[in-house]
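Just below is one structure, and these are the notes that go with it.
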There are 4 protein chains.
Amino acid sequence: MELTLPIDRTAVVVIECQNDLVHESKIGAPGIGGALAAAVQARNVLGHIAGVVDAARAVGVPILYANKESRPGLATGHAAIFRIGKRNPILVENTWGAEVHSAIAPQDGDYVLRRFLSVDASHASGLFDTLRALGRSHLIAMGVSTNFAVEGTVRGAVNRLFEVIVPEDCCASVPEDMHRFSVERILPLLATVTTSAPVIAALHSESV
Amino acid sequence: MELTLPIDRTAVVVIECQNDLVHESKIGAPGIGGALAAAVQARNVLGHIAGVVDAARAVGVPILYANKESRPGLATGHAAIFRIGKRNPILVENTWGAEVHSAIAPQDGDYVLRRFLSVDASHASGLFDTLRALGRSHLIAMGVSTNFAVEGTVRGAVNRLFEVIVPEDCCASVPEDMHRFSVERILPLLATVTTSAPVIAALHSESV
Amino acid sequence: MELTLPIDRTAVVVIECQNDLVHESKIGAPGIGGALAAAVQARNVLGHIAGVVDAARAVGVPILYANKESRPGLATGHAAIFRIGKRNPILVENTWGAEVHSAIAPQDGDYVLRRFLSVDASHASGLFDTLRALGRSHLIAMGVSTNFAVEGTVRGAVNRLFEVIVPEDCCASVPEDMHRFSVERILPLLATVTTSAPVIAALHSESV
Amino acid sequence: MELTLPIDRTAVVVIECQNDLVHESKIGAPGIGGALAAAVQARNVLGHIAGVVDAARAVGVPILYANKESRPGLATGHAAIFRIGKRNPILVENTWGAEVHSAIAPQDGDYVLRRFLSVDASHASGLFDTLRALGRSHLIAMGVSTNFAVEGTVRGAVNRLFEVIVPEDCCASVPEDMHRFSVERILPLLATVTTSAPVIAALHSESV
């Protein structure tokens, strides 16, 4: 089935594709970053995202980056998911590790939304307000990790009546079955789950 | 490991335990309600919730009910999860189907939060504002379905730095492996996953 | 200048027109209710609101009621504005005082949004989510008090890029110069300030 | 009456004290910036803010800056308050005009919250989430303009049960009677309105 997108009402959000989580030099490092970076490379996630982002830019679809940064001393709650960062701080503000991977780096005119808090990349980041100001009802969501920051953003978007498209080859979680559960069992009830090729085709179709 | 709870900062939320979703008379009915009601009965979810709610009331822990209601003509988005309700409306406001099951019905002094929109029971329902006004930092989350309204509420609570406890025998999803994935793989990273017995014991310990 | 409204994207919100604040039997009572009820009668606020609400219903424009209710024991903060209610509880849930005045009572199909908290009638009440689900970008805001619940709702709406229309003869504050400051100095920078007659005319124009 | 502050639960927010709005070189320029900068100088607003900020830093009270930035092409709504910026763009991102005035510039460890949208400096800026993560219940609000970004932030904070302190000599609006109305008629119902001297004294009292 062909995917169609209302180009003038669509935006792209790239979620937490920051060096500490996705850079190839992190592969093998202890902690979530090492495993996630390996999955990102194995699935060519950055290549797929680059394809979508380039196609989106070519037709004027806005690109938003939803980044998470950390600052020593700022509470993040006691949930287990936050403990990793406490033992071994990652995504520290103003460091290379908190920057978006250079293969898909923000360009002039893109929106870079930073937050220090929350699992969900859309919480208190201004994401939905920015989408509305840009007149966007459709959101292409990509990045890591599939089950937390990405799925959380999808859930948040659906709660607010946005239409969401998830190209699943632009996402990764570890272990792999976590990713599969999200894209096979949860996200199909909330979003259009597809891959980058049909999304790129739908974006290109507008530019003809 | 024994569970401890700060009683004067704890609240209970009962999520979407409304007749159309959980009542035994719905078992076998077509749609999500029939399957979910069967799972609720098979797991004795209402019995477990009743145990927690009674123990909470006995020590003055506030009880909140997060209900979803529908109204013909009010848009809910195009996500697949909403389509069920369009074919065969359930949870229609001011009907028996939208009422909380009588086995765990709200009593005077409880909070009944209604919403028409969103998958997540905490979205635009006033839940977090009410918890803060009640001075509550810890939330015992129970109800249906585990993967959507319950997990969404847990995610929303963790984004806002609440501590969450999920007694998993007070929750259900269908099919069963959906429930298990949430309570075994996702929720342990966000919350304390336990069962009703330790929660009831922790609540009782205060009243001695 | 003639007012035009996009009928299929317009909604009406009636703010806190509850008996304890606006009913004629309260005139002369001690506290904010007595003074406000007198101003409401003197300005014929309920008559003007009824005109707008009737015209809106006639053309299918949704009507929302944003009510505030109180419950003994639920914290509301220490701001002076909340102290009145502590000395002499008003708007107590499930009482006549918390009901909308019968002259402009909700009818089947209207939305009645209740909240226990906040000065601003749009905070944690689901108002903006409901407006979006109804596909509404324009909001006609009316009720009491002009400077607090009404102006707060206008500010909240403008923050979210809604267009707001305030028929100022459908609002009241005490003393009168409070009302005037809001409608002459603040609201013109945020909304279209007008009176009920042009609003009714704009609504009628659609039904021809 | 002496002011007391719970130092370990207090934060300071400096609102929109950006060059285009408050810098002395803007005095006499056409538009809101010129008039506001003149009022800021006449009232020594920056000097008073510097006093509060220095006292706060000395005792470890967090400092947050709530800035507004603009980007050509991003919709801000049709309210009159936004039209000024359309005719003559100010606060353009990545320009000197959007930076905080050097007399009260952010230092390492401060929080700089940026937003592109909304009149209210607390909307979609992460302000309240950051305050909660920092464990802060009391907010000292200062900046420009008194009636819009500052008062809007106070209203937003009170809706969320924060306690607010407004040192009114740290704020300005034009014309002057706008400022006076807010600090004499509106803010006293929502916050503790005082001046910088008692706030500085309350902050110093902790460091003895």
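Every chain in the structure tokens takes a letter, A first, then B, and so on in the order presented; its residues are numbered from 1, and the ligands are numbered from 1 following the presented order.
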Test item: residues at most 8 Å from stretch 57-62 of chain D, only C-alpha atoms, excluding those fewer than 3 positions along its chain, as JSON, numbers by chain | {"D": [7, 8, 10, 11, 12, 53, 54, 110, 111, 203, 204, 206, 207]}
May I have the residues of chain C within 8 Å of chain A, counting only C-alpha atoms, written as a list in words?
->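 Only these qualify: Asp129, Ala133, Arg160 and Leu161 of chain C.
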Backbone-only DSSP, alpha helix (DSSP H) members of chain D, as a count of residues only = 71
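Each of C:Thr95, C:Asn88, C:Thr4, C:Ser137 was compared to C:Asn19 using only C-alpha atoms, and C:Thr95 turns out to be the nearest.
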Using only C-alpha atoms, which residues sit within 7 Å of stretch 164-171 of chain B once same-chain residues fewer than 6 positions away are excluded, as a PDB file with N, CA, C and O atoms, in the first residue's frame?
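Result file is selection-v4.pdb:
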```pdb
ATOM      1  N   ARG B  43      -7.955 -13.295  35.839  1.00  0.00           N
ATOM      2  CA  ARG B  43      -6.866 -12.864  36.720  1.00  0.00           C
ATOM      3  C   ARG B  43      -7.380 -12.309  38.045  1.00  0.00           C
ATOM      4  O   ARG B  43      -6.592 -11.868  38.874  1.00  0.00           O
ATOM      5  N   VAL B  45      -8.747  -9.541  38.605  1.00  0.00           N
ATOM      6  CA  VAL B  45      -8.239  -8.171  38.689  1.00  0.00           C
ATOM      7  C   VAL B  45      -9.105  -7.317  39.621  1.00  0.00           C
ATOM      8  O   VAL B  45      -8.580  -6.568  40.462  1.00  0.00           O
ATOM      9  N   LEU B  46     -10.425  -7.458  39.508  1.00  0.00           N
ATOM     10  CA  LEU B  46     -11.284  -6.604  40.337  1.00  0.00           C
ATOM     11  C   LEU B  46     -11.134  -6.948  41.813  1.00  0.00           C
ATOM     12  O   LEU B  46     -11.161  -6.072  42.679  1.00  0.00           O
ATOM     13  N   HIS B  48      -8.431  -8.093  43.253  1.00  0.00           N
ATOM     14  CA  HIS B  48      -7.155  -7.529  43.718  1.00  0.00           C
ATOM     15  C   HIS B  48      -7.229  -6.015  43.888  1.00  0.00           C
ATOM     16  O   HIS B  48      -6.730  -5.461  44.866  1.00  0.00           O
ATOM     17  N   ILE B  49      -7.873  -5.378  42.932  1.00  0.00           N
ATOM     18  CA  ILE B  49      -8.021  -3.915  43.057  1.00  0.00           C
ATOM     19  C   ILE B  49      -8.824  -3.575  44.306  1.00  0.00           C
ATOM     20  O   ILE B  49      -8.475  -2.659  45.058  1.00  0.00           O
ATOM     21  N   HIS B 138       3.760   9.640  45.314  1.00  0.00           N
ATOM     22  CA  HIS B 138       3.774   8.218  44.975  1.00  0.00           C
ATOM     23  C   HIS B 138       2.395   7.786  44.489  1.00  0.00           C
ATOM     24  O   HIS B 138       1.390   8.093  45.142  1.00  0.00           O
ATOM     25  N   LEU B 139       2.388   7.044  43.396  1.00  0.00           N
ATOM     26  CA  LEU B 139       1.134   6.695  42.748  1.00  0.00           C
ATOM     27  C   LEU B 139       1.059   5.183  42.568  1.00  0.00           C
ATOM     28  O   LEU B 139       1.945   4.585  41.949  1.00  0.00           O
ATOM     29  N   ILE B 140       0.016   4.561  43.097  1.00  0.00           N
ATOM     30  CA  ILE B 140      -0.244   3.144  42.848  1.00  0.00           C
ATOM     31  C   ILE B 140      -1.204   3.078  41.660  1.00  0.00           C
ATOM     32  O   ILE B 140      -2.345   3.528  41.762  1.00  0.00           O
ATOM     33  N   ALA B 141      -0.722   2.543  40.526  1.00  0.00           N
ATOM     34  CA  ALA B 141      -1.505   2.566  39.286  1.00  0.00           C
ATOM     35  C   ALA B 141      -2.037   1.175  38.962  1.00  0.00           C
ATOM     36  O   ALA B 141      -1.273   0.204  38.913  1.00  0.00           O
ATOM     37  N   MET B 142      -3.349   1.085  38.695  1.00  0.00           N
ATOM     38  CA  MET B 142      -4.017  -0.197  38.456  1.00  0.00           C
ATOM     39  C   MET B 142      -5.103  -0.012  37.413  1.00  0.00           C
ATOM     40  O   MET B 142      -5.656   1.083  37.280  1.00  0.00           O
ATOM     41  N   GLY B 143      -5.440  -1.100  36.703  1.00  0.00           N
ATOM     42  CA  GLY B 143      -6.573  -1.029  35.791  1.00  0.00           C
ATOM     43  C   GLY B 143      -6.277  -1.639  34.445  1.00  0.00           C
ATOM     44  O   GLY B 143      -5.411  -2.509  34.313  1.00  0.00           O
ATOM     45  N   VAL B 144      -6.997  -1.168  33.443  1.00  0.00           N
ATOM     46  CA  VAL B 144      -6.876  -1.706  32.088  1.00  0.00           C
ATOM     47  C   VAL B 144      -6.753  -0.578  31.081  1.00  0.00           C
ATOM     48  O   VAL B 144      -7.200   0.520  31.327  1.00  0.00           O
ATOM     49  N   SER B 145      -6.167  -0.887  29.882  1.00  0.00           N
ATOM     50  CA  SER B 145      -5.358  -2.047  29.672  1.00  0.00           C
ATOM     51  C   SER B 145      -3.927  -1.738  30.100  1.00  0.00           C
ATOM     52  O   SER B 145      -3.487  -0.595  30.006  1.00  0.00           O
ATOM     53  N   THR B 146      -3.238  -2.780  30.502  1.00  0.00           N
ATOM     54  CA  THR B 146      -1.867  -2.614  30.981  1.00  0.00           C
ATOM     55  C   THR B 146      -1.012  -1.798  30.024  1.00  0.00           C
ATOM     56  O   THR B 146      -0.314  -0.867  30.430  1.00  0.00           O
ATOM     57  N   VAL B 154       1.699   5.572  33.606  1.00  0.00           N
ATOM     58  CA  VAL B 154       2.993   5.400  34.277  1.00  0.00           C
ATOM     59  C   VAL B 154       4.053   6.254  33.584  1.00  0.00           C
ATOM     60  O   VAL B 154       4.823   6.974  34.228  1.00  0.00           O
ATOM     61  N   VAL B 183       4.739  -5.614  31.894  1.00  0.00           N
ATOM     62  CA  VAL B 183       5.126  -5.711  33.311  1.00  0.00           C
ATOM     63  C   VAL B 183       6.515  -6.320  33.500  1.00  0.00           C
ATOM     64  O   VAL B 183       7.129  -6.147  34.551  1.00  0.00           O
ATOM     65  N   ALA B 191       8.963   1.884  37.013  1.00  0.00           N
ATOM     66  CA  ALA B 191       8.159   1.826  38.236  1.00  0.00           C
ATOM     67  C   ALA B 191       8.575   0.632  39.088  1.00  0.00           C
ATOM     68  O   ALA B 191       9.402  -0.177  38.669  1.00  0.00           O
ATOM     69  N   THR B 192       8.002   0.537  40.262  1.00  0.00           N
ATOM     70  CA  THR B 192       8.139  -0.657  41.079  1.00  0.00           C
ATOM     71  C   THR B 192       7.001  -1.596  40.707  1.00  0.00           C
ATOM     72  O   THR B 192       5.836  -1.297  40.979  1.00  0.00           O
ATOM     73  N   VAL B 193       7.334  -2.696  40.047  1.00  0.00           N
ATOM     74  CA  VAL B 193       6.303  -3.661  39.657  1.00  0.00           C
ATOM     75  C   VAL B 193       6.214  -4.720  40.747  1.00  0.00           C
ATOM     76  O   VAL B 193       7.219  -5.333  41.121  1.00  0.00           O
ATOM     77  N   THR B 194       5.020  -4.934  41.262  1.00  0.00           N
ATOM     78  CA  THR B 194       4.818  -5.861  42.364  1.00  0.00           C
ATOM     79  C   THR B 194       3.423  -6.482  42.212  1.00  0.00           C
ATOM     80  O   THR B 194       2.900  -6.505  41.095  1.00  0.00           O
ATOM     81  N   THR B 195       2.871  -7.024  43.280  1.00  0.00           N
ATOM     82  CA  THR B 195       1.502  -7.520  43.234  1.00  0.00           C
ATOM     83  C   THR B 195       0.711  -6.859  44.354  1.00  0.00           C
ATOM     84  O   THR B 195       1.263  -6.100  45.154  1.00  0.00           O
ATOM     85  N   SER B 196      -0.566  -7.177  44.431  1.00  0.00           N
ATOM     86  CA  SER B 196      -1.416  -6.474  45.393  1.00  0.00           C
ATOM     87  C   SER B 196      -1.071  -6.814  46.839  1.00  0.00           C
ATOM     88  O   SER B 196      -1.207  -5.953  47.725  1.00  0.00           O
TER      89      SER B 196
END
```
Test item, strand (DSSP E) assignment across stretch 125-165 of chain B, answer as number ranges by chain | B: 138-144, 163-165
Please indicate the distance in Å from atom CA of B:Leu36 to atom CA of B:Pro175, rounded to one decimal place.
->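 Distance between the two atoms: 8.5 Å.
Of note, atom CA of A:Asn147 and atom CA of B:Ala35 are spaced 25.2 Å apart.
Every protein, DNA or RNA residue with an atom at most 7 Å from B:Val92, where only C-alpha atoms count and chain neighbours fewer than 4 positions away do not, is listed here: Glu69, Ser70, Arg71, Gly97 and Ala98 of chain B.
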Okay, now the selection with N, CA and C atoms, as an mmCIF file, in the first residue's frame?
```cif
data_model
loop_
_atom_site.group_PDB
_atom_site.id
_atom_site.type_symbol
_atom_site.label_atom_id
_atom_site.label_comp_id
_atom_site.auth_asym_id
_atom_site.auth_seq_id
_atom_site.Cartn_x
_atom_site.Cartn_y
_atom_site.Cartn_z
ATOM 1 N N GLU B 69 -14.642 8.370 28.623
ATOM 2 C CA GLU B 69 -16.010 8.334 28.130
ATOM 3 C C GLU B 69 -15.993 8.750 26.665
ATOM 4 N N SER B 70 -17.028 8.366 25.947
ATOM 5 C CA SER B 70 -17.092 8.755 24.543
ATOM 6 C C SER B 70 -18.394 9.489 24.269
ATOM 7 N N ARG B 71 -18.355 10.290 23.238
ATOM 8 C CA ARG B 71 -19.534 11.019 22.811
ATOM 9 C C ARG B 71 -19.560 10.960 21.294
ATOM 10 N N GLY B 97 -22.491 1.401 30.830
ATOM 11 C CA GLY B 97 -21.205 0.921 30.327
ATOM 12 C C GLY B 97 -20.031 1.818 30.668
ATOM 13 N N ALA B 98 -20.304 3.092 30.920
ATOM 14 C CA ALA B 98 -19.237 4.037 31.245
ATOM 15 C C ALA B 98 -18.997 4.141 32.749
#
```
Could you check which of C:Leu5, C:Phe148, C:Gly156, C:His101 is closest to D:Ser122, using only C-alpha atoms?
-> C:Gly156
Skipping near chain neighbours, those fewer than 5 positions away, what residues fall within 12 Å of A:Arg185 using only C-alpha atoms, listed as a PyMOL selection string?
-> (chain A and resi 147+151+177-180+190-191+193) or (chain B and resi 80-81+147-148+174-175+177-179+181-182)
Atom CA of C:Gly31 sits from atom CA of C:Arg83 at a separation of 10.7 Å
Option closest in space to B:Leu21, from B:Ser173, B:Asn44, B:Ser205, B:Thr76 [counting only C-alpha atoms] |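 Selected residue with least distance to B:Leu21: B:Ser173.
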